[in-house]
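The structure under discussion appears below in the form of structure tokens.
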Amino acid sequence: MVTQYKLHRQTLVLLISLVHLCMPVCVDVQSDTEAIVGKAMKLTCISCLKREEVTVKTFVKWLYTPSPTKGKNISYLIYEYNTNNSNMDDNPFKDRLNWNGSKDLQEVSIEIRNVTHNDSGLYTCEIRRLFDFELYTPVFEVNKTINLTVKEKASDDTTAIYSEIMMYVLLVFLTFWLLVEMVYCYRKISKSDEQAQDTAY
């Protein structure tokens, strides 16, 4: 009994140490493209590192291009991340942006607080990485764009509606199937009781 207890304890310690060794998995997901007026909106930008053991310096810029008006396409630098986060002073999002990135800078998302109709437009996330190898320093650059539309209220999610309908259909079908099974079992039991009574006589 003592040996079995020790074995369980050693296994538990091994599992805990393995959990600590596990690294978080990076998954490149697309950002939502619909925002609601007055709510907060996270603009997701993820660029996974292929080799996490390499030393890397990451620089991030967020640019905003309003929806085209009078044929003009002007881009604003609204946020910059290098050694310290900086919310640019001269932009339409002054004091409304939060850094929402991860510690390892694989996710470099930002959040807009108190969204307005004027926030619709094209957002570009520019990521520049300098990899530190012994002999050379390669540069990796990636740009991701998010076309954001702002609405008064959330649009109906058709997937959620279809899922709810399917759930109710399945619930009705399973209830009907259960009733049929109960009737079948009841008849089978009644028949076996009748046969037992006939045998007894």
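Just remember, in the structure tokens the first chain shown is A, the second B, etc., residues are 1-based per chain, and ligands are 1-based in the order shown.
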
Subject >> Selection near Asp104 (chain A), 10 Å with only C-alpha atoms, sequence-local residues under 4 positions removed, as a ChimeraX atom specification >> reply: /A:48-49,52,56,58,108

Subject >> Near-Val54 (chain A) list (10 Å; only C-alpha atoms; drop same-chain fewer than 3 positions) as a list in words >> reply: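 Here the qualifying residues turn out to be Leu49, Lys50, Arg51, Lys57, Phe131, Asp132 and Phe133 of chain A.
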
How about saving the chosen residues, N, CA, C and O atoms kept, as a PDB file, in the first residue's frame?
```pdb
ATOM      1  N   LEU A  49       6.066  32.874 -33.943  1.00  0.00           N
ATOM      2  CA  LEU A  49       7.493  32.634 -34.162  1.00  0.00           C
ATOM      3  C   LEU A  49       7.712  31.161 -34.462  1.00  0.00           C
ATOM      4  O   LEU A  49       7.166  30.298 -33.780  1.00  0.00           O
ATOM      5  N   LYS A  50       8.511  30.884 -35.477  1.00  0.00           N
ATOM      6  CA  LYS A  50       8.784  29.491 -35.852  1.00  0.00           C
ATOM      7  C   LYS A  50       9.772  28.849 -34.877  1.00  0.00           C
ATOM      8  O   LYS A  50       9.660  27.686 -34.550  1.00  0.00           O
ATOM      9  N   ARG A  51      10.753  29.633 -34.426  1.00  0.00           N
ATOM     10  CA  ARG A  51      11.764  29.104 -33.496  1.00  0.00           C
ATOM     11  C   ARG A  51      11.826  30.025 -32.285  1.00  0.00           C
ATOM     12  O   ARG A  51      12.342  31.138 -32.358  1.00  0.00           O
ATOM     13  N   LYS A  57      14.136  40.850 -31.572  1.00  0.00           N
ATOM     14  CA  LYS A  57      13.596  42.157 -31.190  1.00  0.00           C
ATOM     15  C   LYS A  57      12.401  42.431 -32.086  1.00  0.00           C
ATOM     16  O   LYS A  57      12.493  42.303 -33.311  1.00  0.00           O
ATOM     17  N   PHE A 131      16.142  39.189 -35.940  1.00  0.00           N
ATOM     18  CA  PHE A 131      16.615  37.968 -35.313  1.00  0.00           C
ATOM     19  C   PHE A 131      18.105  38.080 -35.027  1.00  0.00           C
ATOM     20  O   PHE A 131      18.877  38.509 -35.886  1.00  0.00           O
ATOM     21  N   ASP A 132      18.471  37.704 -33.827  1.00  0.00           N
ATOM     22  CA  ASP A 132      19.861  37.872 -33.388  1.00  0.00           C
ATOM     23  C   ASP A 132      20.602  36.536 -33.466  1.00  0.00           C
ATOM     24  O   ASP A 132      20.542  35.723 -32.546  1.00  0.00           O
ATOM     25  N   PHE A 133      21.280  36.298 -34.595  1.00  0.00           N
ATOM     26  CA  PHE A 133      22.162  35.140 -34.737  1.00  0.00           C
ATOM     27  C   PHE A 133      23.603  35.608 -34.549  1.00  0.00           C
ATOM     28  O   PHE A 133      23.879  36.811 -34.521  1.00  0.00           O
TER      29      PHE A 133
END
```

Original post:
Quick one, how far is CA of Asn100 (chain A) from CA of Thr116 (chain A)?
Top reply: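 A separation of 19.5 Å between them.
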
**OP:** Provide the CA of Tyr123 (chain A) to CA of Phe59 (chain A) distance in Å, to one decimal place.
**Re:**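 Straight-line distance from CA of Tyr123 (chain A) to CA of Phe59 (chain A) works out to 16.6 Å.
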
Original post:
What's the 6 Å shell around region 38-43 of chain A, counting only C-alpha atoms, without same-chain residues fewer than 2 positions away, as a ChimeraX atom specification?
Top reply: /A:31,35-36,109-115

Would you write out those residues with all heavy atoms, as a short mmCIF file (atom, residue, chain, number, x, y, z; two decimals), in the first residue's frame?
```cif
data_model
loop_
_atom_site.label_atom_id
_atom_site.label_comp_id
_atom_site.auth_asym_id
_atom_site.auth_seq_id
_atom_site.Cartn_x
_atom_site.Cartn_y
_atom_site.Cartn_z
N SER A 31 -8.87 38.47 -36.94
CA SER A 31 -9.55 39.42 -36.06
C SER A 31 -11.03 39.53 -36.42
O SER A 31 -11.42 39.30 -37.57
CB SER A 31 -8.89 40.79 -36.17
OG SER A 31 -9.57 41.73 -35.36
N ALA A 35 -17.60 45.99 -35.12
CA ALA A 35 -17.58 46.60 -33.79
C ALA A 35 -18.94 47.24 -33.52
O ALA A 35 -19.69 47.57 -34.45
CB ALA A 35 -16.47 47.65 -33.72
N ILE A 36 -19.26 47.40 -32.24
CA ILE A 36 -20.53 47.99 -31.82
C ILE A 36 -20.25 49.36 -31.20
O ILE A 36 -19.32 49.50 -30.40
CB ILE A 36 -21.26 47.09 -30.81
CG1 ILE A 36 -21.33 45.64 -31.32
CG2 ILE A 36 -22.65 47.62 -30.50
CD1 ILE A 36 -22.03 45.45 -32.62
N SER A 109 -1.85 42.61 -30.48
CA SER A 109 -3.17 43.21 -30.66
C SER A 109 -3.31 44.51 -29.88
O SER A 109 -2.57 44.76 -28.92
CB SER A 109 -4.25 42.23 -30.20
OG SER A 109 -4.08 40.98 -30.84
N ILE A 110 -4.28 45.32 -30.31
CA ILE A 110 -4.64 46.52 -29.57
C ILE A 110 -6.15 46.52 -29.34
O ILE A 110 -6.88 45.76 -30.01
CB ILE A 110 -4.22 47.83 -30.29
CG1 ILE A 110 -4.85 47.91 -31.69
CG2 ILE A 110 -2.71 47.98 -30.34
CD1 ILE A 110 -4.64 49.25 -32.38
N GLU A 111 -6.61 47.35 -28.43
CA GLU A 111 -8.04 47.45 -28.13
C GLU A 111 -8.46 48.91 -28.23
O GLU A 111 -7.78 49.79 -27.71
CB GLU A 111 -8.32 46.91 -26.73
CG GLU A 111 -9.79 46.93 -26.37
CD GLU A 111 -10.03 46.50 -24.94
OE1 GLU A 111 -9.51 47.18 -24.02
OE2 GLU A 111 -10.74 45.51 -24.73
N ILE A 112 -9.58 49.15 -28.90
CA ILE A 112 -10.15 50.49 -29.00
C ILE A 112 -11.29 50.58 -27.99
O ILE A 112 -12.20 49.75 -28.00
CB ILE A 112 -10.70 50.78 -30.41
CG1 ILE A 112 -9.64 50.54 -31.47
CG2 ILE A 112 -11.23 52.21 -30.50
CD1 ILE A 112 -10.18 50.61 -32.89
N ARG A 113 -11.23 51.56 -27.12
CA ARG A 113 -12.30 51.77 -26.15
C ARG A 113 -13.34 52.74 -26.73
O ARG A 113 -12.99 53.64 -27.49
CB ARG A 113 -11.75 52.34 -24.84
CG ARG A 113 -10.77 51.44 -24.14
CD ARG A 113 -10.41 51.95 -22.74
NE ARG A 113 -9.95 53.32 -22.75
CZ ARG A 113 -8.70 53.69 -23.00
NH1 ARG A 113 -7.79 52.77 -23.29
NH2 ARG A 113 -8.35 54.97 -22.99
N ASN A 114 -14.58 52.56 -26.33
CA ASN A 114 -15.67 53.48 -26.69
C ASN A 114 -15.69 53.75 -28.20
O ASN A 114 -15.50 54.87 -28.67
CB ASN A 114 -15.51 54.79 -25.91
CG ASN A 114 -16.77 55.63 -25.97
OD1 ASN A 114 -17.84 55.12 -26.28
ND2 ASN A 114 -16.64 56.91 -25.70
N VAL A 115 -15.96 52.70 -28.96
CA VAL A 115 -15.95 52.77 -30.43
C VAL A 115 -17.03 53.74 -30.93
O VAL A 115 -18.14 53.78 -30.41
CB VAL A 115 -16.18 51.36 -31.03
CG1 VAL A 115 -16.35 51.41 -32.53
CG2 VAL A 115 -15.02 50.45 -30.67
#
```

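With distances restricted to only C-alpha atoms, A:Asn118 is the closest residue to Val37 (chain A) from A:Gln195, A:Asn118, A:Thr137, A:Asn143.
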
Original post:
Near Val29 (chain A), counting only C-alpha atoms, which residues have an atom at most 9 Å away, once you skip same-chain residues fewer than 5 positions from it, shown as a list in words?
Top reply: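 Within the cut-off, the hits are Thr44, Cys45 and Ile46 of chain A.
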
Subject >> Neighbour list for Pro92 (chain A) as a PyMOL selection string, cut-off 10 Å, only C-alpha atoms, skip fewer than 6 positions in-chain >> reply: chain A and resi 64+66+76-78+118-119

**OP:** Using DSSP on the backbone coordinates, identify the residues of region 24-166 of chain A assigned to strand (DSSP E or B); present them as an NGL selection string.
**Re:** :A and (34-36 or 41-43 or 46 or 55-66 or 69 or 72 or 76-81 or 85-87 or 97-99 or 107 or 110-112 or 121-132 or 139-151)

Subject >> Distance in Å - CA of Tyr136 (chain A) versus CA of Gly101 (chain A) >> reply: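 Result for CA of Tyr136 (chain A) versus CA of Gly101 (chain A): 27.7 Å, one decimal.
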
**OP:** Would you kindly return, as JSON, numbers by chain, each protein, DNA or RNA residue with an atom no farther than 6 Å from any atom of region 145-147 of chain A, considering only C-alpha atoms and excluding same-chain residues fewer than 6 positions away?
**Re:** {"A": [121, 122, 123, 124]}

Give me a file of those residues, with N, CA, C and O atoms, as an mmCIF file, in the first residue's frame.
```
data_model
loop_
_atom_site.group_PDB
_atom_site.id
_atom_site.type_symbol
_atom_site.label_atom_id
_atom_site.label_comp_id
_atom_site.auth_asym_id
_atom_site.auth_seq_id
_atom_site.Cartn_x
_atom_site.Cartn_y
_atom_site.Cartn_z
ATOM 1 N N GLY A 121 -13.005 51.674 -40.948
ATOM 2 C CA GLY A 121 -11.898 51.875 -41.882
ATOM 3 C C GLY A 121 -10.948 50.699 -41.894
ATOM 4 O O GLY A 121 -11.245 49.619 -41.368
ATOM 5 N N LEU A 122 -9.784 50.921 -42.466
ATOM 6 C CA LEU A 122 -8.775 49.878 -42.627
ATOM 7 C C LEU A 122 -7.664 50.053 -41.590
ATOM 8 O O LEU A 122 -7.070 51.126 -41.495
ATOM 9 N N TYR A 123 -7.401 48.981 -40.838
ATOM 10 C CA TYR A 123 -6.331 48.985 -39.829
ATOM 11 C C TYR A 123 -5.224 48.052 -40.301
ATOM 12 O O TYR A 123 -5.495 46.920 -40.697
ATOM 13 N N THR A 124 -4.007 48.554 -40.261
ATOM 14 C CA THR A 124 -2.856 47.746 -40.691
ATOM 15 C C THR A 124 -1.910 47.538 -39.524
ATOM 16 O O THR A 124 -1.511 48.493 -38.855
#
```
